Amino acid sequence: MRLPLGSTDVSASGGTVTLVGRRGEAWEALCARSIPLEEAVELLLDQHAGAHAGDEFADAVPADSAEAPRFAAGEPILWRYGRYIETARVIRDDARGLVALPSGSARLESVPADGRATREVPLEERFSVPWEIRESTWRGPGVVRVAPSGRPWSVWFFRAADGTPEGAYVNLELPHLRPTSGAPGIFSRDLILDLWIDAGHPGEEDVWLKDADELAAAVAQGRFTAVQADAVRAIADHAAAEFLMPGGWPLDEGWAHWTPDAAMDEPIALPESAAVAAARGRTGGTRLKG
């Protein structure tokens, strides 16, 4: 028996999730008002401010522009969400979008300076605690990430240890920028709210909304304005209409079943560069700008 819409649970990462839809059925809008996609993105561009340090970001261009550099298959890149920097290996890169694999690779992440994990910090103080940078590695089976060019989301295809699909995670984020100098990679900003498409019931998969309570906490603590939070919800609605509910690209290209060969799955170390060294040394008083 399937759960009714509105059911709640806790995700594997500790976030609150709510069952908000099923593929094959009508989508109920998350945002109370209709906001065009371009307008929603524009409302959120100030989230880059203070989050990216260094000259590389100043030289970055939109990933869907003619000036954006392209990456070769197998090339290691840096995938950056503000202070969060992760290595990944390119599977494919073309005008349609970037497909990459971060499995087993090194990363720098912003964590509470007092030693707690982020999910251990109560929501009412999550964006106001001091932070520091910690180095870690990706844990678990490989995840294929697809970032459509110019769109404010990427789609992560998760698989179990035996290789069977677990589901697809729609990470809402600012459209990618690519540096024209320095290490190859992308810049984005995570927008907190996410969608999870369960692998069960093909064609009628459950769709879960993740971290709506954290988005509300971000507004209460000044990370987002109420208008910006509406813009994030509107982006989720656009993702649902554009590809999630109809099962369009990249859901229809078989990435849920793709597995890497040994060379593609080789872990990648962080490069010994001035930018990475500077990132390792960053600390801050709050998480409001990072």
# chains A, B, ... in the order shown; residues from 1 in each chain; ligands from 1
$ select_by_dssp --residues "region 134-227 of chain A" --states "strand (DSSP E)" --output "PyMOL selection string"
chain A and resi 134-137+144-148+153-159+165-173+177-178+185-188+190-198+206-210
$ residues_around --residues "Ala229 (chain A)" --least-positions-apart "4" --cutoff "8 Å" --atoms "only C-alpha atoms" --output "number ranges by chain"
A: 215-216, 219, 224-225, 233
$ residues_around --residues "Ala113 (chain A)" --least-positions-apart "5" --cutoff "8 Å" --atoms "only C-alpha atoms" --output "short mmCIF file (atom, residue, chain, number, x, y, z; two decimals) with N, CA, C and O atoms, in the first residue's frame"
data_model
loop_
_atom_site.label_atom_id
_atom_site.label_comp_id
_atom_site.auth_asym_id
_atom_site.auth_seq_id
_atom_site.Cartn_x
_atom_site.Cartn_y
_atom_site.Cartn_z
N VAL A 129 25.72 29.77 13.27
CA VAL A 129 26.86 29.23 14.02
C VAL A 129 28.17 29.51 13.27
O VAL A 129 28.20 29.56 12.03
N PRO A 130 29.28 29.69 13.99
CA PRO A 130 30.59 29.82 13.33
C PRO A 130 30.93 28.55 12.55
O PRO A 130 30.53 27.45 12.92
N TRP A 131 31.65 28.71 11.48
CA TRP A 131 31.99 27.58 10.63
C TRP A 131 33.48 27.53 10.34
O TRP A 131 34.20 28.50 10.51
N GLU A 132 33.92 26.35 9.88
CA GLU A 132 35.28 26.15 9.43
C GLU A 132 35.26 25.18 8.25
O GLU A 132 34.24 24.55 7.98
#
$ residues_around --residues "region 27-37 of chain A" --least-positions-apart "4" --cutoff "7 Å" --atoms "only C-alpha atoms" --output "list in words"
Gly21, Val41, Asp230, Ala231, Arg233, Ala234, Ile235, Asp237 and His238 of chain A
$ residues_around --residues "region 45-52 of chain A" --least-positions-apart "6" --cutoff "12 Å" --atoms "only C-alpha atoms" --output "count of residues only"
46
$ residues_around --residues "Ala199 (chain A)" --least-positions-apart "2" --cutoff "8 Å" --atoms "only C-alpha atoms" --output "list in words"
Pro165, Glu166, Gly167, Ala168, Ile197, His201, Pro202 and Glu205 of chain A
$ write_last_selection --atoms "N, CA, C and O atoms" --output "PDB file, in the first residue's frame"
ATOM      1  N   PRO A 165      19.264   1.060  -9.232  1.00  0.00           N
ATOM      2  CA  PRO A 165      18.897   2.458  -8.996  1.00  0.00           C
ATOM      3  C   PRO A 165      18.132   2.637  -7.690  1.00  0.00           C
ATOM      4  O   PRO A 165      17.270   1.820  -7.345  1.00  0.00           O
ATOM      5  N   GLU A 166      18.448   3.706  -6.955  1.00  0.00           N
ATOM      6  CA  GLU A 166      17.715   4.058  -5.741  1.00  0.00           C
ATOM      7  C   GLU A 166      16.764   5.220  -5.976  1.00  0.00           C
ATOM      8  O   GLU A 166      15.723   5.319  -5.312  1.00  0.00           O
ATOM      9  N   GLY A 167      17.144   6.109  -6.896  1.00  0.00           N
ATOM     10  CA  GLY A 167      16.303   7.257  -7.170  1.00  0.00           C
ATOM     11  C   GLY A 167      17.115   8.402  -7.732  1.00  0.00           C
ATOM     12  O   GLY A 167      18.334   8.296  -7.920  1.00  0.00           O
ATOM     13  N   ALA A 168      16.446   9.489  -8.030  1.00  0.00           N
ATOM     14  CA  ALA A 168      17.095  10.685  -8.581  1.00  0.00           C
ATOM     15  C   ALA A 168      16.806  11.876  -7.683  1.00  0.00           C
ATOM     16  O   ALA A 168      15.668  12.084  -7.248  1.00  0.00           O
ATOM     17  N   ILE A 197      13.099  11.764  -6.361  1.00  0.00           N
ATOM     18  CA  ILE A 197      12.228  10.905  -7.154  1.00  0.00           C
ATOM     19  C   ILE A 197      12.586   9.466  -6.818  1.00  0.00           C
ATOM     20  O   ILE A 197      13.679   8.989  -7.146  1.00  0.00           O
ATOM     21  N   HIS A 201       7.986   1.923  -8.539  1.00  0.00           N
ATOM     22  CA  HIS A 201       6.791   2.196  -9.350  1.00  0.00           C
ATOM     23  C   HIS A 201       7.138   2.991 -10.619  1.00  0.00           C
ATOM     24  O   HIS A 201       6.702   4.143 -10.784  1.00  0.00           O
ATOM     25  N   PRO A 202       7.924   2.420 -11.533  1.00  0.00           N
ATOM     26  CA  PRO A 202       8.342   3.153 -12.748  1.00  0.00           C
ATOM     27  C   PRO A 202       7.161   3.783 -13.477  1.00  0.00           C
ATOM     28  O   PRO A 202       6.136   3.148 -13.719  1.00  0.00           O
ATOM     29  N   GLU A 205       6.446   7.172 -10.071  1.00  0.00           N
ATOM     30  CA  GLU A 205       7.332   7.304  -8.916  1.00  0.00           C
ATOM     31  C   GLU A 205       6.847   8.376  -7.943  1.00  0.00           C
ATOM     32  O   GLU A 205       6.292   9.401  -8.339  1.00  0.00           O
TER      33      GLU A 205
END
$ closest_residue --among "A:Ala226, A:Val90, A:Val61, A:Val10" --to "Glu75 (chain A)" --atoms "only C-alpha atoms"
A:Val90
$ closest_residue --among "A:Leu195, A:Ala68, A:Leu78, A:Val99" --to "Gly15 (chain A)" --atoms "only C-alpha atoms"
A:Leu195
$ closest_residue --among "A:Met1, A:Ala161, A:Ala26, A:Leu123" --to "Leu244 (chain A)" --atoms "only C-alpha atoms"
A:Ala26
$ closest_residue --among "A:Glu135, A:Ile91, A:Pro62, A:Pro148" --to "Trp249 (chain A)" --atoms "only C-alpha atoms"
A:Pro148
$ closest_residue --among "A:Ala262, A:Ala236, A:Glu109, A:Ala212" --to "Arg280 (chain A)" --atoms "only C-alpha atoms"
A:Glu109
$ decode --residues "region 129-200 of chain A" --atoms "C-alpha atoms" --output "tab-separated table (two decimals), in the first residue's frame"
chain	number	residue	atom	x	y	z
A	129	VAL	CA	26.86	29.23	14.02
A	130	PRO	CA	30.59	29.82	13.33
A	131	TRP	CA	31.99	27.58	10.63
A	132	GLU	CA	35.28	26.15	9.43
A	133	ILE	CA	36.48	24.18	6.41
A	134	ARG	CA	37.04	20.44	6.72
A	135	GLU	CA	38.41	18.01	4.13
A	136	SER	CA	36.59	14.73	3.51
A	137	THR	CA	35.80	12.27	0.74
A	138	TRP	CA	32.62	11.23	-1.01
A	139	ARG	CA	31.13	8.20	0.75
A	140	GLY	CA	28.95	5.49	-0.73
A	141	PRO	CA	28.35	4.20	-4.27
A	142	GLY	CA	29.02	6.54	-7.17
A	143	VAL	CA	26.47	9.17	-8.11
A	144	VAL	CA	26.07	10.44	-11.65
A	145	ARG	CA	25.35	14.18	-11.73
A	146	VAL	CA	23.77	15.86	-14.73
A	147	ALA	CA	23.73	19.67	-14.85
A	148	PRO	CA	21.64	20.97	-17.76
A	149	SER	CA	23.23	24.12	-19.19
A	150	GLY	CA	21.58	27.32	-18.05
A	151	ARG	CA	19.07	25.63	-15.74
A	152	PRO	CA	18.90	26.21	-11.95
A	153	TRP	CA	19.18	22.56	-10.97
A	154	SER	CA	21.28	19.44	-11.34
A	155	VAL	CA	19.99	15.85	-11.24
A	156	TRP	CA	21.90	13.25	-9.23
A	157	PHE	CA	21.30	9.57	-9.99
A	158	PHE	CA	21.90	7.42	-6.91
A	159	ARG	CA	22.48	3.70	-6.98
A	160	ALA	CA	22.72	1.03	-4.27
A	161	ALA	CA	25.89	-0.93	-3.52
A	162	ASP	CA	24.71	-3.69	-5.90
A	163	GLY	CA	24.27	-1.15	-8.72
A	164	THR	CA	20.47	-1.01	-8.73
A	165	PRO	CA	18.90	2.46	-9.00
A	166	GLU	CA	17.72	4.06	-5.74
A	167	GLY	CA	16.30	7.26	-7.17
A	168	ALA	CA	17.09	10.68	-8.58
A	169	TYR	CA	17.80	13.78	-6.51
A	170	VAL	CA	16.98	17.17	-8.02
A	171	ASN	CA	19.37	19.64	-6.38
A	172	LEU	CA	18.06	23.19	-6.79
A	173	GLU	CA	20.99	25.54	-7.41
A	174	LEU	CA	21.95	28.64	-9.35
A	175	PRO	CA	22.77	28.07	-13.04
A	176	HIS	CA	26.41	27.05	-13.40
A	177	LEU	CA	29.21	29.49	-14.12
A	178	ARG	CA	32.55	28.28	-15.52
A	179	PRO	CA	35.91	29.95	-14.87
A	180	THR	CA	37.85	31.00	-17.95
A	181	SER	CA	41.13	30.84	-16.02
A	182	GLY	CA	42.59	28.61	-13.33
A	183	ALA	CA	41.45	25.06	-12.57
A	184	PRO	CA	38.60	23.71	-14.74
A	185	GLY	CA	35.29	23.51	-12.97
A	186	ILE	CA	31.96	25.12	-12.18
A	187	PHE	CA	30.56	27.61	-9.67
A	188	SER	CA	27.03	27.43	-8.31
A	189	ARG	CA	25.09	28.08	-5.09
A	190	ASP	CA	22.89	25.54	-3.38
A	191	LEU	CA	19.31	26.74	-2.84
A	192	ILE	CA	18.52	24.40	0.12
A	193	LEU	CA	15.23	22.99	-1.22
A	194	ASP	CA	15.45	19.72	-3.19
A	195	LEU	CA	13.25	17.07	-4.77
A	196	TRP	CA	13.69	13.29	-4.56
A	197	ILE	CA	12.23	10.90	-7.15
A	198	ASP	CA	11.99	7.40	-5.73
A	199	ALA	CA	13.01	4.55	-8.03
A	200	GLY	CA	9.96	2.41	-7.23
